[in-house]
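Presented below is the structure to which this report refers.
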Protein chains: 2
Amino acid sequence: MLNYNISLDLIFHALADPARRTIVERLSQGPASVSELARPLAMSLPAVVQHLQVLEASGLVQSEKVGRVRTCRIEPVVLKTAEQWITERRASWEHHFDLLGDYLAEHPEEPDERSS
Amino acid sequence: MLNYNISLDLIFHALADPARRTIVERLSQGPASVSELARPLAMSLPAVVQHLQVLEASGLVQSEKVGRVRTCRIEPVVLKTAEQWITERRASWEHHFDLLGDYLAEHPEEPDERSS
């Protein structure tokens, strides 16, 4: 649970930056080299590398250097971890909301406190 | 697009902290007062209030003060915004992966560079 929590800290932190989300968006369309990832970003290559390090620390991105080219790819399982956490919260909220709806449907006669 | 990006920055930043995720988890089960939210958290009430301010700034949580009690509730549309961004990236990755699978299935005769 602690590790899971630390993972979520790092994943959501990694996604909280527009440049890093641009990188994830690009990688969701397939692997890319660091210079390909840098192209649409208005920043220096070292700045892009720093963002990649944050993404790699979270597990969202993995990279491999072959010769002079470092190729990055997305780790879908890690993306799924974050998605699942949010989906579960939303499902829990909807379940609560449905229960409230059922309760209100079963108790239509009760006075509405707001109008009293 | 800019506003959407700022929103995602704030939402993912808000979710990158375990105490704030505990608050969102609790609120996904229904509205709660600040003191109810503070109960499971090992921190001072002012610290909890600070976390709530980050959650409110992101739009994930809304609160209303009636008399002396401030009641907080989740904003599911905002949770959905973050979920959708991740889901779209994952879907994009899966689509790419399927295309790659199709390509490999259609070109079974080509030599594998890794083994050459």
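If you're wondering about the labels, chains in the structure tokens are A, B, ... by order shown, residues count from 1 in each chain, ligands from 1 in order shown.
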Give me, as CSV, each residue of chain A that comes within 7 Å of chain B, together with its shortest interatomic pair and the distance in Å at one decimal, counting only C-alpha atoms, with rows ordered by chain and rising residue number.
```
residue,atom,partner,partner_atom,distance
A:Asn5,CA,B:Pro18,CA,6.5
A:Leu8,CA,B:Ala16,CA,6.6
A:Asp9,CA,B:Ala16,CA,4.3
A:Leu10,CA,B:Ala16,CA,6.8
A:Phe12,CA,B:Ala16,CA,4.8
A:His13,CA,B:Ala16,CA,5.1
A:Leu15,CA,B:Phe12,CA,6.1
A:Ala16,CA,B:Asp9,CA,4.3
A:Asp17,CA,B:Asp9,CA,5.6
A:Pro18,CA,B:Asn5,CA,6.4
A:Glu25,CA,B:Arg89,CA,6.1
A:Ser28,CA,B:Trp93,CA,4.3
A:Gln29,CA,B:Trp93,CA,5.6
A:Gly30,CA,B:His96,CA,6.4
A:Pro76,CA,B:Arg90,CA,6.6
A:Leu79,CA,B:Ile86,CA,6.9
A:Glu83,CA,B:Glu83,CA,5.8
A:Ile86,CA,B:Glu83,CA,6.0
A:Thr87,CA,B:Glu83,CA,6.7
A:Arg89,CA,B:Ser28,CA,5.6
A:Arg90,CA,B:Pro76,CA,6.6
A:Ser92,CA,B:Ser28,CA,5.6
A:Trp93,CA,B:Ser28,CA,4.3
A:His96,CA,B:Gln29,CA,5.8
```
Item checked: Surrounding residues of region 48-57 of chain A excluding itself and chain neighbours under 3 positions, 8 Å, only C-alpha atoms, as a ChimeraX atom specification -> /A:10-11,14,19-20,34,37-38,41,43-45,60-63
Keeping N, CA and C atoms for every residue in the selection just given, could you write it to a file as a PDB file, in the first residue's frame?
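Saved the output as result_1.pdb:
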```pdb
ATOM      1  N   LEU A  10       4.189   9.776  -7.571  1.00  0.00           N
ATOM      2  CA  LEU A  10       5.120  10.064  -8.670  1.00  0.00           C
ATOM      3  C   LEU A  10       4.407  10.147 -10.020  1.00  0.00           C
ATOM      4  N   ILE A  11       3.420   9.280 -10.223  1.00  0.00           N
ATOM      5  CA  ILE A  11       2.703   9.274 -11.516  1.00  0.00           C
ATOM      6  C   ILE A  11       1.913  10.572 -11.679  1.00  0.00           C
ATOM      7  N   ALA A  14       4.152  13.471 -12.170  1.00  0.00           N
ATOM      8  CA  ALA A  14       4.695  13.484 -13.543  1.00  0.00           C
ATOM      9  C   ALA A  14       3.676  14.040 -14.535  1.00  0.00           C
ATOM     10  N   ALA A  19       4.405  19.969 -20.412  1.00  0.00           N
ATOM     11  CA  ALA A  19       5.453  19.426 -21.301  1.00  0.00           C
ATOM     12  C   ALA A  19       5.520  17.904 -21.147  1.00  0.00           C
ATOM     13  N   ARG A  20       5.411  17.446 -19.902  1.00  0.00           N
ATOM     14  CA  ARG A  20       5.466  15.991 -19.681  1.00  0.00           C
ATOM     15  C   ARG A  20       4.228  15.305 -20.266  1.00  0.00           C
ATOM     16  N   VAL A  34      14.675  10.920 -28.109  1.00  0.00           N
ATOM     17  CA  VAL A  34      14.631  12.135 -27.282  1.00  0.00           C
ATOM     18  C   VAL A  34      14.515  13.375 -28.178  1.00  0.00           C
ATOM     19  N   LEU A  37      11.029  13.802 -29.382  1.00  0.00           N
ATOM     20  CA  LEU A  37      10.160  14.276 -28.300  1.00  0.00           C
ATOM     21  C   LEU A  37      10.374  15.767 -28.040  1.00  0.00           C
ATOM     22  N   ALA A  38      11.612  16.221 -28.246  1.00  0.00           N
ATOM     23  CA  ALA A  38      11.944  17.624 -27.960  1.00  0.00           C
ATOM     24  C   ALA A  38      11.368  18.567 -29.014  1.00  0.00           C
ATOM     25  N   LEU A  41       8.453  20.849 -28.356  1.00  0.00           N
ATOM     26  CA  LEU A  41       8.538  21.557 -27.070  1.00  0.00           C
ATOM     27  C   LEU A  41       9.475  22.767 -27.192  1.00  0.00           C
ATOM     28  N   MET A  43      11.729  24.265 -25.594  1.00  0.00           N
ATOM     29  CA  MET A  43      12.692  24.276 -24.484  1.00  0.00           C
ATOM     30  C   MET A  43      13.986  23.581 -24.922  1.00  0.00           C
ATOM     31  N   SER A  44      15.019  23.765 -24.117  1.00  0.00           N
ATOM     32  CA  SER A  44      16.320  23.171 -24.450  1.00  0.00           C
ATOM     33  C   SER A  44      16.281  21.651 -24.291  1.00  0.00           C
ATOM     34  N   LEU A  45      17.208  20.974 -24.939  1.00  0.00           N
ATOM     35  CA  LEU A  45      17.287  19.516 -24.832  1.00  0.00           C
ATOM     36  C   LEU A  45      17.525  19.077 -23.374  1.00  0.00           C
ATOM     37  N   LEU A  60       6.232   5.833 -15.862  1.00  0.00           N
ATOM     38  CA  LEU A  60       5.358   6.053 -17.027  1.00  0.00           C
ATOM     39  C   LEU A  60       6.105   5.876 -18.347  1.00  0.00           C
ATOM     40  N   VAL A  61       7.414   6.180 -18.322  1.00  0.00           N
ATOM     41  CA  VAL A  61       8.215   6.086 -19.539  1.00  0.00           C
ATOM     42  C   VAL A  61       9.445   5.228 -19.264  1.00  0.00           C
ATOM     43  N   GLN A  62       9.793   4.411 -20.236  1.00  0.00           N
ATOM     44  CA  GLN A  62      11.049   3.664 -20.167  1.00  0.00           C
ATOM     45  C   GLN A  62      11.880   4.045 -21.377  1.00  0.00           C
ATOM     46  N   SER A  63      13.195   4.001 -21.224  1.00  0.00           N
ATOM     47  CA  SER A  63      14.021   4.335 -22.377  1.00  0.00           C
ATOM     48  C   SER A  63      15.189   3.367 -22.492  1.00  0.00           C
TER      49      SER A  63
END
```
Item checked: Filtered DSSP result for chain B, state strand (DSSP E or B), as a PyMOL selection string -> chain B and resi 32-33+61-66+69-74
Next item on the list: Record the distance separating CA of Ala32 (chain A) and CA of Gly59 (chain A), expressed in Å with one decimal.
Entry: 16.4 Å
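Rounded to one decimal, CA of Lys65 (chain A) and CA of Leu104 (chain B) lie 23.6 Å from each other.
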Next item on the list: Rank A:Cys72, A:Val66, A:Ala105, A:Val78 by their smallest atom-to-atom distance to Glu36 (chain A), using only C-alpha atoms, and report the top residue only.
Entry: A:Cys72
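Between CA of Arg73 (chain A) and CA of Gly101 (chain B) there is a distance of 16.4 Å.
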Margin query: Taking only chain B into account, list the residues labelled alpha helix (DSSP H) by DSSP (computed from the backbone), as a ChimeraX atom specification.
Written below: /B:2-15,18-27,34-38,45-58,76-106
